[in-house]
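Here is the structure we will look at, set down as structure tokens.
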Amino acid sequence: MYQYNDNDQILVDERVAQFRRQTEQFLKKEMSEDQYRALRLRNGLYIQTHAPMLRIAGPYGLFNSKQLRKIAHVARTYDKNYCHFTTRQNIQFNWPKLEEVPDILAELASVQMHAIQTSGNCMRNTTSDHLAGVCIDEIEDPRPYCEIIRQWTTLHPEFDYLPRKFKIAVSGALHDRAATQFHDIGLHLVKNAAGEIGFKVMVGGGLGRTPVIGQVIKPYLEKKHLLSYLEAVLRIYNLFGRRDNKYKARIKILVKESGLEKFSTLVEKEWLLIRDNNELDNERINGMKAQFVAPAYDTDAARDTSFSQQQDENKAFATWVKYNTADHKISGYRAAFLSLKAPDSPPGDMTDVQLDAVADLADKYSFGEIRSTHRQNLILADVKQADLFVLWQQLELLKLATPNIGTVTDMICCPGLDFCSLANAGSIGVAKEINEALDDMDYIHDIGDLKINMSGCMNGCAHQSVGHIGILGVDKKGTEWYQLTLGGSSENNAAIGERLGPAVAKDQVTKAITTILEVYIEHRLEDESFLDMVNRVGITPFKEQVYAIN
Amino acid sequence: MQLIKDRQIIDDIWNYVTDDAELSAGNISVSLARWQQDKAKLLAHDGNIGVRLGPADSVDDIAADLNSLQLIELDFPDFADGRLFSHAWLLRERYDYHGEIRATGHYMNDQVFYLSRVGVNAFSPEKAEDLPVVLSHLNDFTVKYQNSVN
């Protein structure tokens with residue numbers, strides 16, 4: 001994992017000093033609300049329904065144990081003993097005091113963390129595949145490029161006041177686990193005909209009010225041109241993106257309104273003028289790769305026989321292994337998911353006690369590293385198979401071993417009306433109700449791969465439009481209603497969900513979901529996943545049943 | 001009125017000429033529209049000429065005239081409109097402009113570090129007491145991650 005050098009440390013320290021000064025000026029009324037708003041957002045600080053919300057960057061989802069302990073400390077000292085993991089691999093605190101935020105940021109800087117550009121109309125945290133570097137379908141590890149992009153985007157002087165927010169995601173595997181087709185820029189490491197590795201560049205994807213699948217603007221970009229190409233796209237967006245209407249200001253609208261061809265022509269022209277002056281040389285790339293070398297794997301790990309025996313003897317363990325672990329490129333190792341979707345806790349939330357304990361487990365079993373996923377879970381990526389049983393037992397005690405990764409109760413959920421000033425409707429309460437209705441683990445496993453995403457408003461923080469089942473909270477004359485969509489996907493087969501019909505009342509959401517599941521079970525072919533079935537039969541059978549009961 | 005140029009506090013030696021006013025003597029700045037309309041007259045003016053650009057103006061429209069201009073003012077209607085940051089970069093890097101680039105209008109003191117990095121070398125703050133503030137904020141960061149003009 002990337003370790004800060006002196007310059008990296010100076011930069012975050014100077015940023016803390018700058019924000020401390022800005023906050024003091026604001027509190028002394030020497031700075032306007034408007035100005036402070038723009039500055040605090042660029043330091044991750046929102047003013048929310050109950051209190052400020054602070055969003056900390058999780059650079060492409062990577063954390064070390066020291067950083068997790070610091071997050072636990074911040075949760076304990078400055079917040080109400082918990083934090084929230086987001087769909088963009090970041091961490092949020094819901095109860096910090098505005099005047100203490102500079103102190104929190106100073107604490108974070110001491111462990112090489114920051115909140116720079118985690119909100120505001122600027123380039124945001126770069127996200128990536130949560131199995132980067134360990135998965136079995138990887139073309140190349142995307143993390144070195146993520147870090148190069150992280151640095152390039154951080155405090156970029158020309159592109160910090162964009163028309164709207166701008167998100168970049170990078171994937172290096174055959175299977176897209178980073179939703180790259182739904183980012184302002186999506187980058188895929190690909191091989192060309194000559195066997196060389198470069199980037200496929202997609203542009204103009206995004207979720208929110210107007211979900212759009214990104215389009216390929218460059219099928220193959222040589223690595224050395226990565227930064228010049230990003231610069232060209234950003235300059236064209238900065239100059240020509242709409243600024244008259246914030247709902248039409250994302251790059252997806254510019255691409256749509258000008259057409260991909262015209263937009264690409266503008267980018268290409270700009271790029272040809274700058275590409276030779278800003279090449280990424282091999283030395284830089286190799287230097288960055290050296291920051292992500294594989295840990296010292298035990299070469300005897302695969303000789304262990306206890307792992308299969310423990311699965312034979314303990315059904316609950318075997319179930320956990322099946323759902324909550326993933327194949328690893330090194331034989332004898334697996335990646336272990338920590339489910340942050342226990343039935344009785346808000347999706348993505350973690351307490352200080354859990355954070356500290358997970359830091360210890362990471363030190364003991366996974367080279368001191370932890371990852372966050374865009375479905376709001378954590379991963380210990382490098383666990384020896386022989387250690388999985390004891391790890392599972394400890395995760396059970398911590399309530400982090402619910403064997404539901406990728407299932408219907410592994411819901412993505414935004415904080416909703418309970419915390420967010422933008423929300424129109426609650427989401428955590430609805431998630432809890434659905435969870436309570438689906439309390440039979442065998443039934444959940446029988447349903448299999450099914451992604452429910454639920455957002456409390458049109459901004460779509462929980463990516464409802466790409467959920468296999470999407471739930472969107474809307475306000476109808478002061479009451480909370482929920483629109484349902486079916487068939488969305490953020491993976492390789494990217495698709496935007498189709499609306500099932502009129503919104504349903506809050507007390508009917510759970511019934512609608514269980515009805516949808518019943519229709520699936522009734523109509524599915526053998527081994528057919530929910531998404532495949534929706535794609536085969538369309539929404540009609542679901543619609544008939546859901547609205548028959550409502 | 002004083003301003004900051006090349007990290008020094010100096011007197012402003014330029015007169016701002018609005019579109020409906022007569023050209024005054026000495027160094028004057030005019031809008032892009034005025035420049036395009038009265039170019040011949042302005043080129044004969046006894047004194048230096050500056051042109052004001054807003055976010056919606058295109059730097060390309062003035063590229064051919066840059067040798068005749070000693071000042072480009074980037075006039076911020078709103079600090080959130082980041083197009084002028086690209087305008088400054090284009091003036092310096094694409095068109096190799098060596099004259100003064102001055103930020104005017106409603107930019108924030110907290111933006112001067114970024115502005116200086118994209119090639120703005122003069123700042124005309126709204127209040128005299130902001131002069132030392134701007135000088136100090138130019139030093140907010142001593143490190144950087146990416147190439148720009150500075």
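Residues in the structure tokens are numbered from 1 in each chain, the chains being A, B, ... in the order shown, and ligands are numbered from 1 in the order shown.
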
### Task
Write out as a PyMOL selection string every residue belonging to chain A that has an atom at most 7 Å from any atom of chain B, counting only C-alpha atoms.
chain A and resi 7+11+14+18+151-152+156-158+161-162+235+238-239

### Task
as a PyMOL selection string, list the residues of chain B assigned to helix (DSSP H, G or I) by DSSP on the backbone atoms of this structure.
chain B and resi 32-37+39-43+59-68+83-94+109-117+130-137

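Summary of the local environment: counting only C-alpha atoms, residues at most 9 Å from Val519 of chain A, other than itself and those fewer than 6 positions away along its chain, are Pro541, Phe542 and Gln545 of chain A.
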
### Task
Give me every strand (DSSP E) residue in chain B, going by DSSP on the backbone, as a PyMOL selection string.
chain B and resi 2-5+8-11+14-16+27-31+49-53+71-76+100-105+122-123

File of the preceding selection, N, CA and C atoms, as a CSV table (one decimal), in the first residue's frame:
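Listed below is the output, result00.csv:
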chain,number,residue,atom,x,y,z
B,2,GLN,N,-4.2,50.2,-4.8
B,2,GLN,CA,-3.0,49.3,-5.0
B,2,GLN,C,-3.4,47.9,-5.3
B,3,LEU,N,-2.5,47.2,-5.8
B,3,LEU,CA,-2.7,45.8,-6.1
B,3,LEU,C,-1.4,45.0,-5.9
B,4,ILE,N,-1.5,43.7,-6.2
B,4,ILE,CA,-0.4,42.8,-6.1
B,4,ILE,C,0.1,42.4,-7.4
B,5,LYS,N,1.3,42.6,-7.7
B,5,LYS,CA,1.8,42.1,-9.0
B,5,LYS,C,3.2,41.4,-8.7
B,8,GLN,N,4.5,41.7,-5.2
B,8,GLN,CA,4.8,43.0,-4.7
B,8,GLN,C,3.5,43.8,-4.6
B,9,ILE,N,3.4,44.6,-3.6
B,9,ILE,CA,2.3,45.6,-3.5
B,9,ILE,C,2.7,46.8,-4.3
B,10,ILE,N,1.9,47.1,-5.4
B,10,ILE,CA,2.3,48.3,-6.2
B,10,ILE,C,1.0,49.1,-6.5
B,11,ASP,N,1.2,50.3,-7.0
B,11,ASP,CA,0.1,51.2,-7.4
B,11,ASP,C,-0.5,50.7,-8.7
B,14,TRP,N,-3.4,51.4,-14.2
B,14,TRP,CA,-4.3,51.1,-15.3
B,14,TRP,C,-5.7,51.7,-15.0
B,15,ASN,N,-6.3,52.2,-16.1
B,15,ASN,CA,-7.6,52.8,-16.0
B,15,ASN,C,-8.6,51.8,-16.6
B,16,TYR,N,-9.7,51.5,-15.9
B,16,TYR,CA,-10.7,50.6,-16.3
B,16,TYR,C,-11.7,51.4,-17.1
B,27,ASN,N,-2.7,54.1,-19.6
B,27,ASN,CA,-3.0,52.7,-19.8
B,27,ASN,C,-4.4,52.4,-19.5
B,28,ILE,N,-5.1,51.7,-20.5
B,28,ILE,CA,-6.5,51.4,-20.3
B,28,ILE,C,-6.8,50.0,-20.5
B,29,SER,N,-7.8,49.5,-19.8
B,29,SER,CA,-8.4,48.1,-20.1
B,29,SER,C,-9.8,48.3,-20.6
B,30,VAL,N,-10.1,47.4,-21.6
B,30,VAL,CA,-11.5,47.4,-22.2
B,30,VAL,C,-12.0,46.0,-22.2
B,31,SER,N,-13.3,45.9,-22.5
B,31,SER,CA,-13.9,44.5,-22.6
B,31,SER,C,-13.4,43.9,-23.9
B,49,ILE,N,-2.5,48.8,-23.7
B,49,ILE,CA,-3.9,48.4,-23.8
B,49,ILE,C,-4.1,47.0,-23.1
B,50,GLY,N,-5.1,46.9,-22.3
B,50,GLY,CA,-5.5,45.7,-21.7
B,50,GLY,C,-6.9,45.2,-22.1
B,51,VAL,N,-7.1,43.9,-22.1
B,51,VAL,CA,-8.5,43.5,-22.4
B,51,VAL,C,-9.0,42.6,-21.3
B,52,ARG,N,-10.3,42.8,-21.0
B,52,ARG,CA,-11.0,42.0,-19.9
B,52,ARG,C,-11.7,40.8,-20.5
B,53,LEU,N,-11.4,39.7,-19.9
B,53,LEU,CA,-12.1,38.5,-20.3
B,53,LEU,C,-13.0,38.0,-19.2
B,71,LEU,N,-1.9,43.7,-20.9
B,71,LEU,CA,-2.6,43.2,-19.7
B,71,LEU,C,-3.9,42.4,-20.2
B,72,ILE,N,-4.1,41.3,-19.5
B,72,ILE,CA,-5.4,40.6,-19.6
B,72,ILE,C,-6.0,40.5,-18.3
B,73,GLU,N,-7.2,41.0,-18.1
B,73,GLU,CA,-7.9,40.9,-16.8
B,73,GLU,C,-8.8,39.8,-16.9
B,74,LEU,N,-8.8,38.9,-15.9
B,74,LEU,CA,-9.7,37.8,-15.8
B,74,LEU,C,-10.8,38.3,-14.8
B,75,ASP,N,-11.9,38.6,-15.3
B,75,ASP,CA,-12.9,39.2,-14.4
B,75,ASP,C,-13.9,38.2,-13.9
B,76,PHE,N,-13.8,37.9,-12.6
B,76,PHE,CA,-14.7,36.9,-12.0
B,76,PHE,C,-16.1,37.4,-11.6
B,100,GLU,N,0.9,40.9,-18.3
B,100,GLU,CA,0.3,40.7,-17.0
B,100,GLU,C,-1.1,40.0,-17.1
B,101,ILE,N,-1.3,39.0,-16.3
B,101,ILE,CA,-2.6,38.4,-16.2
B,101,ILE,C,-3.1,38.8,-14.8
B,102,ARG,N,-4.2,39.5,-14.7
B,102,ARG,CA,-4.7,40.0,-13.4
B,102,ARG,C,-6.1,39.4,-13.1
B,103,ALA,N,-6.2,38.9,-11.9
B,103,ALA,CA,-7.6,38.5,-11.4
B,103,ALA,C,-8.3,39.7,-10.9
B,104,THR,N,-9.5,39.9,-11.3
B,104,THR,CA,-10.4,41.0,-10.8
B,104,THR,C,-11.8,40.5,-10.5
B,105,GLY,N,-12.5,41.2,-9.8
B,105,GLY,CA,-13.9,40.8,-9.5
B,105,GLY,C,-14.0,39.9,-8.3
B,122,ALA,N,-1.1,38.8,-11.1
B,122,ALA,CA,-1.5,40.1,-10.5
B,122,ALA,C,-2.9,39.9,-9.9
B,123,PHE,N,-3.1,40.5,-8.8
B,123,PHE,CA,-4.4,40.4,-8.1
B,123,PHE,C,-4.9,41.7,-7.6

### Query
Any idea what the distance is between atom CA of Pro403 of chain A and atom CA of Lys511 of chain A?
23.3 Å

### Task
One decimal, Å: what's the distance from atom CA of Cys420 of chain A over to atom CA of Ser345 of chain A, could you say?
17.7 Å

### Query
Mind pulling up the distance from atom CA of Ser421 of chain A to atom CA of Gln48 of chain A?
5.1 Å
